[in-house]
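Everything below concerns the one structure shown next.
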Amino acid sequence: MGTDPASTSGARREPLFEGSEWTFELLDRCDREIARVAAHYGLDTYPSQIEVISSEQMIDAYSSVGMPVGYHHWSYGKQFLSTQRSYKRGQMGLAYEIVINSNPCIAYLMEENTMAMQALVIAHAAYGHNSFFKGNYLFRAWTDAEGILDYLVFARNFIAECEQRYGELAVEELLDSCHALMNLGVDRYKRPAKLSMAKEQVRQAEREAYLQSQVNDLWRTLPARPEGERRKTPRRFPSEPQENLLYFIEKNAPRLEPWQREVVRIVRKIAQYFYPQRQTQVMNEGWATFWHYTLLNHLYEEGKLTDGFMMEFLQSHTNVIFQPPFNSRFYSGINPYALGFSMFQDIRRICEQPTDEDRRWFPELAGSDWVKSLDFAMRNFKDESFVAQYLSPRLIRELKLFALVDDDRDDKLEVTAIHDDTGYRTVRQLLADQYNLGNREPNIQVYAVDVFGDRALTLRHFMHDRRPLGDSAPEMLRHVARLWGYAVKIESVDEAGAIRFVTGSDA
Amino acid sequence: MNRLVDRRLSGKNRSAVNRQRFLRRFKVQIRKAAAQAVSGRKVADLERGEKISIPSKDLSEPTFHHGPGGRRNIVLPGNREFVSGDRVERPEDGGGNRGSGGSPDGEGMDEFVFELSKEEFMDYFFEDLALPDLVKKQLAAVPEVKKARAGFINQGNPSSLHVVRSMKQAIGRRMAMAAGPREALREAEDALDALEARGLGASPEADELRDEIEALKARIAALPFIDTWDLRYANRIDKPTPSSQAVMFCLLDVSGSMDEDRKNIAKRFFMLLYLFLTKSYERIDVVFIRHHTVAKEVDEEEFFASRESGGTVVSSALELMREIILQRYPSASWNIYAAQASDGDNWESDSPRCRELLLQSILPLTQYFAYVEIEATEPQSLWHEYERVKAANPRFAMQRILTLEDIYPVFRELFRKKAA
């Protein structure tokens, strides 16, 4: 796209490197050059720590789901075995990159890679992802890049200590249950900040004064309400439904020991740490891919990279952004790299060379400074809103997107919209919905606890488009019951408000 | 500022613990898969890793998710022929337009596959057989070693200090280190002699030379007689010492009553003996003899393959074994082991003959003869005759077996003897 090396050929300088062997010196020089160009485009990053590791270490890093320090659990062992196996059989190139949202931002380079790949990974991870972690509002609000490494170390040590004290099996069971509920262990909105002691006291004094002012002996003469009427409105607990299941359990489960509460908290914190990543896959990968492409092309235009490098780079780049059509046997969903990259490229195009259509659809964007517009998009959106805001008709046409509806009351699928004038908005809205975690995952909330009875916990599943819970529900309830300590049941509430019992589990 | 860090040398195998946790958690399933794998292997082919596959659903990590049903909107790329309002058939696999069909090598996606190392695999094998730990260790360990000389090294413990070598080394070092000063000394002495010859013995130059000669002599004398550099130690290394060769006879009753399960137990029995032999012998031949009314030497495939109907004459197999020993395995140069598995049926009047054969001609030639009777209803004539053999000869072991755990006691004597 629009790269024309000939135009700058007057100032051709020595390329940074020629062959495919890398050395630390070359990596360092390459990193400096990329840093210079990144600064030119105004990328704001954490300092990064680029670590060269062997492929075995890469498999290790993979299996701990991107946590540089992790506690022990069999599920990571399972991940390790399957990664190791597919790597050995050559099914999987061991990627590219693992990058950790921390300060300094840790990026891994694999020693087996060629120099070209190392340059690609540095640009992608240490500048692309890194700046996204630092800039995007979700990461700013929900993750603490400074503290995460320390917290993970604390978590590992704490869990290891629990294993010694209470036995590996007890800890493993607890972790199993917590992991199962991980997706329901995140806050979607900030809780109000805790009041400080001083403020609390001031308020309490105010309340007291107010109550005192209301005391009136007359009220005492009113007849008491009849018993039955009072019982009709039993005190509910929790007073409002709670969506953060793990938080509710940590604070309220009657029978958890203190160490168990701490473990629940650890899993919850880690879930919260990864929550922004789950919501910004398209943007995050798209952003990093866009910048490795842009930065390396810029260096090429300056004559710092050879043609050979560009061939190798473009080959892996195009592999990464390959989007097979829906009927291909390689299709496995929309490729976040492809969609994200195309969208950021498209925004740049709209800024630089808008068509009439673009001016109609994106009046503010067309003709604006692309670096600023892109930066704004990166900072203030998540996948759902990003697609809803920026997916252009032209890109819908390029990707030939179309929408289907699959309704169990209908014996056939129906095509609701395609890439035509009447369809653009629908396709865009439906694709945005597809990235809404709230639609993808069942909406399950803590509804009630039978405080004065058997302490049973009731969960409610609020159905969306009549979609039922999957067959894992009974097993999941066993996990909830294990944490809660008493019986648990779950009900589905459909859109008309009808309540249906789904399944239950005894303590 | 960015930092580049080389982490290649800092620990790999960070996942070893997690891997162990995984194996422990799915022990039951892995054990089952390992047992199946053992059944599929040859008697002599036990000591290698194995690909284990477990149904994925057994080890899924559940989450709350949507089930099929309700109304679902899907956005897909790559439209070719659809326009809005088109109605299409629901695809068979339930909605995801995925190009399914499993992976090319036929492993379904619903199997979780991974590799067990040789050691882990052996552990599962031993566990099935309920081997005592001592025996496990003995079987898993490398064969016995003997210390052997292997030249000299310059580090070691004082007890292996080699005096002659060290002194030789010291002489060499002293000569080499003194070479320079001696040369200078000789020159100085020659010069002094020359001066004295010219009658300048009292000149300042001569005094200077004398001082120099003194200094050089002192320097030569200061050379250490022996230095830590000189020390040499005798080097001794471990050499495995497998003792020559052994032959193992596997005798199997293939009459109608030996079904697959019994044969599988018999196979484990043969495998265990084989494994024991590999630890003690360099070269092992395995001879397979199957019999019903007549005995026949066969290869391993055929050995475990088919069943035949008809009666059973055990002595036929023993006869054949004796013949093979006489022809091919002279007991002077071969250690002979035999394992016999049967369901205990035998032609009534043949059993005494078996006893005689064993006592007279076979047991004197063999190191050990183990007999298992698998799931027999009531001990019959063969069992009773064999009991008399056992009483007469300590190299004979026998056991009735119902499950895999019963196999080990047959070999108890054998392993104890080696452990001692």
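Please note that chains go A, B, ... in the order of the structure tokens, that every chain numbers its residues from 1, and that ligands are numbered from 1 in the order shown.
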
For chain B versus chain A, which residues have an atom no more than 8 Å away, and what is each residue's nearest atom pair and distance in Å rounded to one decimal, using only C-alpha atoms, chain-then-number order, as JSON lines?
```
{"residue": "B:Met1", "atom": "CA", "partner": "A:Pro47", "partner_atom": "CA", "distance": 5.5}
{"residue": "B:Asn2", "atom": "CA", "partner": "A:Ser48", "partner_atom": "CA", "distance": 4.9}
{"residue": "B:Arg3", "atom": "CA", "partner": "A:Gln49", "partner_atom": "CA", "distance": 4.7}
{"residue": "B:Leu4", "atom": "CA", "partner": "A:Ile50", "partner_atom": "CA", "distance": 4.8}
{"residue": "B:Val5", "atom": "CA", "partner": "A:Glu51", "partner_atom": "CA", "distance": 4.6}
{"residue": "B:Asp6", "atom": "CA", "partner": "A:Val52", "partner_atom": "CA", "distance": 5.0}
{"residue": "B:Arg7", "atom": "CA", "partner": "A:Ile53", "partner_atom": "CA", "distance": 5.3}
{"residue": "B:Arg8", "atom": "CA", "partner": "A:Ile53", "partner_atom": "CA", "distance": 4.5}
{"residue": "B:Gly11", "atom": "CA", "partner": "A:Gln57", "partner_atom": "CA", "distance": 8.0}
{"residue": "B:Lys12", "atom": "CA", "partner": "A:Gln57", "partner_atom": "CA", "distance": 5.4}
{"residue": "B:Asn13", "atom": "CA", "partner": "A:Asp60", "partner_atom": "CA", "distance": 7.1}
{"residue": "B:Arg14", "atom": "CA", "partner": "A:Asp60", "partner_atom": "CA", "distance": 6.1}
{"residue": "B:Ser15", "atom": "CA", "partner": "A:Asp60", "partner_atom": "CA", "distance": 5.8}
{"residue": "B:Ala16", "atom": "CA", "partner": "A:Gly77", "partner_atom": "CA", "distance": 7.7}
{"residue": "B:Val17", "atom": "CA", "partner": "A:His72", "partner_atom": "CA", "distance": 6.9}
{"residue": "B:Asn18", "atom": "CA", "partner": "A:Gly77", "partner_atom": "CA", "distance": 4.2}
{"residue": "B:Arg19", "atom": "CA", "partner": "A:Gly77", "partner_atom": "CA", "distance": 4.0}
{"residue": "B:Gln20", "atom": "CA", "partner": "A:Gly77", "partner_atom": "CA", "distance": 7.3}
{"residue": "B:Arg21", "atom": "CA", "partner": "A:Trp74", "partner_atom": "CA", "distance": 4.8}
{"residue": "B:Phe22", "atom": "CA", "partner": "A:Trp74", "partner_atom": "CA", "distance": 4.3}
{"residue": "B:Arg25", "atom": "CA", "partner": "A:Trp74", "partner_atom": "CA", "distance": 7.3}
{"residue": "B:Glu61", "atom": "CA", "partner": "A:Ala180", "partner_atom": "CA", "distance": 6.6}
{"residue": "B:Pro62", "atom": "CA", "partner": "A:Ala180", "partner_atom": "CA", "distance": 5.7}
{"residue": "B:Thr63", "atom": "CA", "partner": "A:Ala180", "partner_atom": "CA", "distance": 5.2}
{"residue": "B:Phe64", "atom": "CA", "partner": "A:Ala473", "partner_atom": "CA", "distance": 6.3}
{"residue": "B:His65", "atom": "CA", "partner": "A:Gly470", "partner_atom": "CA", "distance": 5.3}
{"residue": "B:His66", "atom": "CA", "partner": "A:Leu469", "partner_atom": "CA", "distance": 4.6}
{"residue": "B:Gly67", "atom": "CA", "partner": "A:Gly470", "partner_atom": "CA", "distance": 3.6}
{"residue": "B:Pro68", "atom": "CA", "partner": "A:Pro468", "partner_atom": "CA", "distance": 7.1}
{"residue": "B:Gly69", "atom": "CA", "partner": "A:Asp408", "partner_atom": "CA", "distance": 5.3}
{"residue": "B:Gly70", "atom": "CA", "partner": "A:Arg467", "partner_atom": "CA", "distance": 4.2}
{"residue": "B:Arg71", "atom": "CA", "partner": "A:Asp407", "partner_atom": "CA", "distance": 4.2}
{"residue": "B:Arg72", "atom": "CA", "partner": "A:Asp406", "partner_atom": "CA", "distance": 5.0}
{"residue": "B:Asn73", "atom": "CA", "partner": "A:Val405", "partner_atom": "CA", "distance": 4.6}
{"residue": "B:Ile74", "atom": "CA", "partner": "A:Leu404", "partner_atom": "CA", "distance": 5.2}
{"residue": "B:Val75", "atom": "CA", "partner": "A:Ala403", "partner_atom": "CA", "distance": 4.4}
{"residue": "B:Leu76", "atom": "CA", "partner": "A:Leu401", "partner_atom": "CA", "distance": 5.5}
{"residue": "B:Pro77", "atom": "CA", "partner": "A:Leu401", "partner_atom": "CA", "distance": 4.4}
{"residue": "B:Gly78", "atom": "CA", "partner": "A:Pro325", "partner_atom": "CA", "distance": 4.3}
{"residue": "B:Asn79", "atom": "CA", "partner": "A:Lys400", "partner_atom": "CA", "distance": 5.1}
{"residue": "B:Arg80", "atom": "CA", "partner": "A:Lys400", "partner_atom": "CA", "distance": 7.7}
{"residue": "B:Phe82", "atom": "CA", "partner": "A:Val415", "partner_atom": "CA", "distance": 7.2}
{"residue": "B:Val83", "atom": "CA", "partner": "A:Ile418", "partner_atom": "CA", "distance": 6.2}
{"residue": "B:Ser84", "atom": "CA", "partner": "A:Ala417", "partner_atom": "CA", "distance": 4.9}
{"residue": "B:Gly85", "atom": "CA", "partner": "A:Val415", "partner_atom": "CA", "distance": 5.3}
{"residue": "B:Asp86", "atom": "CA", "partner": "A:Val415", "partner_atom": "CA", "distance": 5.2}
{"residue": "B:Arg87", "atom": "CA", "partner": "A:Glu414", "partner_atom": "CA", "distance": 4.5}
{"residue": "B:Val88", "atom": "CA", "partner": "A:Leu413", "partner_atom": "CA", "distance": 5.2}
{"residue": "B:Glu89", "atom": "CA", "partner": "A:Lys412", "partner_atom": "CA", "distance": 5.1}
{"residue": "B:Arg90", "atom": "CA", "partner": "A:Lys412", "partner_atom": "CA", "distance": 5.6}
{"residue": "B:Gly95", "atom": "CA", "partner": "A:Asp406", "partner_atom": "CA", "distance": 7.6}
{"residue": "B:Asn97", "atom": "CA", "partner": "A:Asn327", "partner_atom": "CA", "distance": 6.4}
{"residue": "B:Arg98", "atom": "CA", "partner": "A:Tyr331", "partner_atom": "CA", "distance": 6.1}
{"residue": "B:Gly99", "atom": "CA", "partner": "A:Arg329", "partner_atom": "CA", "distance": 3.6}
{"residue": "B:Ser100", "atom": "CA", "partner": "A:Arg329", "partner_atom": "CA", "distance": 6.7}
{"residue": "B:Phe112", "atom": "CA", "partner": "A:Ser82", "partner_atom": "CA", "distance": 7.7}
{"residue": "B:Val113", "atom": "CA", "partner": "A:Ser82", "partner_atom": "CA", "distance": 7.2}
{"residue": "B:Phe114", "atom": "CA", "partner": "A:Leu81", "partner_atom": "CA", "distance": 6.0}
{"residue": "B:Glu115", "atom": "CA", "partner": "A:Arg85", "partner_atom": "CA", "distance": 7.7}
```

Could you give me the residues within stretch 110-343 of chain B that DSSP places in helix (DSSP H, G or I), as number ranges by chain?
B: 118-129, 133-140, 158-160, 163-197, 204-221, 228-230, 260-280, 300-305, 314-328

Atomic separation - atom CA of B:Glu297 relative to atom CA of B:Lys267, Å
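Pair atom CA of B:Lys267 / atom CA of B:Glu297 returns 16.6 Å.
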
What separation in Å, quoted to one decimal, exists between atom CA of B:Phe369 and atom CA of B:Pro352?
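Going from atom CA of B:Phe369 over to atom CA of B:Pro352 covers 17.2 Å.
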
So, with only C-alpha atoms as the atoms that count, which of B:Ala338, B:Val38, B:Ala392, B:Ala370 lies closest to B:Glu356?
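Smallest distance to B:Glu356 is found for B:Ala392.
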
Restricting the calculation to only C-alpha atoms, which member of A:Thr426, A:Gln118, A:Gln272, A:Ser131 is positioned closest to A:Met378?
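Closest to A:Met378 of all the choices is A:Ser131.
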
Need the shell around A:Arg278: protein/DNA/RNA residues with any atom at most 12 Å away, counting only C-alpha atoms. Skip same-chain ones fewer than 3 positions apart. Format as a PyMOL selection string?
chain A and resi 138-139+183+186+271-275+281-285+336+382-384+435-438+440-441

Write the residues you've just listed into a file as a short mmCIF file (atom, residue, chain, number, x, y, z; two decimals), in the first residue's frame, and include N, CA and C atoms for each of them.
```
data_model
loop_
_atom_site.label_atom_id
_atom_site.label_comp_id
_atom_site.auth_asym_id
_atom_site.auth_seq_id
_atom_site.Cartn_x
_atom_site.Cartn_y
_atom_site.Cartn_z
N LEU A 138 -9.27 0.71 28.39
CA LEU A 138 -9.60 -0.45 29.23
C LEU A 138 -8.38 -0.89 30.04
N PHE A 139 -7.23 -0.90 29.37
CA PHE A 139 -6.02 -1.30 30.08
C PHE A 139 -5.67 -0.29 31.16
N ASN A 183 -14.52 -16.37 34.06
CA ASN A 183 -15.17 -15.37 33.20
C ASN A 183 -16.25 -14.61 33.94
N VAL A 186 -15.22 -10.98 36.90
CA VAL A 186 -14.67 -9.67 36.57
C VAL A 186 -15.69 -8.58 36.86
N ALA A 271 -8.17 -12.79 36.49
CA ALA A 271 -9.22 -12.70 35.48
C ALA A 271 -9.44 -11.24 35.09
N GLN A 272 -9.42 -10.40 36.09
CA GLN A 272 -9.64 -8.98 35.82
C GLN A 272 -8.50 -8.41 34.97
N TYR A 273 -7.30 -8.90 35.25
CA TYR A 273 -6.13 -8.43 34.51
C TYR A 273 -6.24 -8.79 33.03
N PHE A 274 -6.80 -9.98 32.76
CA PHE A 274 -6.92 -10.40 31.35
C PHE A 274 -8.20 -9.91 30.69
N TYR A 275 -9.11 -9.34 31.47
CA TYR A 275 -10.41 -8.96 30.92
C TYR A 275 -10.29 -7.97 29.76
N GLN A 281 -9.28 -7.92 21.34
CA GLN A 281 -8.44 -8.77 20.50
C GLN A 281 -8.21 -8.17 19.13
N VAL A 282 -9.31 -7.79 18.48
CA VAL A 282 -9.21 -7.26 17.13
C VAL A 282 -8.37 -6.00 17.11
N MET A 283 -8.68 -5.10 18.04
CA MET A 283 -7.97 -3.83 18.07
C MET A 283 -6.50 -4.02 18.40
N ASN A 284 -6.24 -4.84 19.41
CA ASN A 284 -4.88 -5.02 19.89
C ASN A 284 -4.00 -5.62 18.80
N GLU A 285 -4.47 -6.73 18.21
CA GLU A 285 -3.69 -7.37 17.17
C GLU A 285 -3.63 -6.50 15.92
N PRO A 336 -8.75 -12.06 13.81
CA PRO A 336 -8.65 -10.72 14.41
C PRO A 336 -7.51 -9.89 13.83
N LYS A 382 -13.19 -0.27 22.43
CA LYS A 382 -12.91 -1.70 22.52
C LYS A 382 -13.49 -2.34 21.26
N ASP A 383 -13.28 -3.63 21.06
CA ASP A 383 -13.64 -4.25 19.79
C ASP A 383 -15.05 -3.89 19.35
N GLU A 384 -15.99 -4.04 20.28
CA GLU A 384 -17.39 -3.83 19.95
C GLU A 384 -17.62 -2.42 19.42
N TYR A 435 -18.80 -9.05 18.84
CA TYR A 435 -17.65 -8.85 19.71
C TYR A 435 -18.05 -8.38 21.10
N ASN A 436 -19.35 -8.28 21.33
CA ASN A 436 -19.80 -7.88 22.65
C ASN A 436 -19.75 -9.09 23.58
N LEU A 437 -18.84 -9.04 24.56
CA LEU A 437 -18.71 -10.19 25.46
C LEU A 437 -20.04 -10.50 26.13
N GLY A 438 -20.82 -9.46 26.36
CA GLY A 438 -22.11 -9.66 27.01
C GLY A 438 -23.05 -10.53 26.18
N ARG A 440 -21.77 -12.79 23.86
CA ARG A 440 -21.11 -14.07 23.60
C ARG A 440 -21.24 -15.00 24.79
N GLU A 441 -21.17 -14.44 25.98
CA GLU A 441 -21.23 -15.28 27.17
C GLU A 441 -22.58 -15.11 27.84
#
```

Best match for closeness to B:Glu183 among B:Gly256, B:Leu365, B:Ala148, B:Lys217, counting only C-alpha atoms:
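Looking at the shortest contact to B:Glu183, the residue is B:Lys217.
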
As an exercise, work out the distance from atom CA of B:Ala246 to atom CA of B:Ser361 in Å and give it to one decimal place.
18.4 Å

Nearest to B:Cys354, chosen from B:Arg262, B:Arg328, B:Arg322, B:Arg165, with only C-alpha atoms counted in the distances
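When distances to B:Cys354 are compared using only C-alpha atoms, the smallest one comes from B:Arg322.
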
Spatial neighbours of A:Asp346, max dist 9 Å, only C-alpha atoms, sep filter under 6 positions, as a list in words
Tyr390, Leu391, Ser392, Arg394 and Leu395 of chain A

DSSP strand (DSSP E) residues within stretch 234-388 of chain B, listed as a count of residues only
44

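Considering only C-alpha atoms, the residue among B:Leu358, B:Ala202, B:Leu216, B:Met122 positioned nearest to B:Ala317 is B:Leu358.
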
Which residue of B:Arg219, B:Lys32, B:His384, B:Arg290 approaches B:Leu185 most closely, using only C-alpha atoms:
B:Arg219

Which residues, written as a ChimeraX atom specification, have at least one atom at most 7 Å from stretch 119-123 of chain A, with only C-alpha atoms counted and residues fewer than 2 positions away on the same chain left out?
/A:30-31,34,96-97,115-117,125-128,292
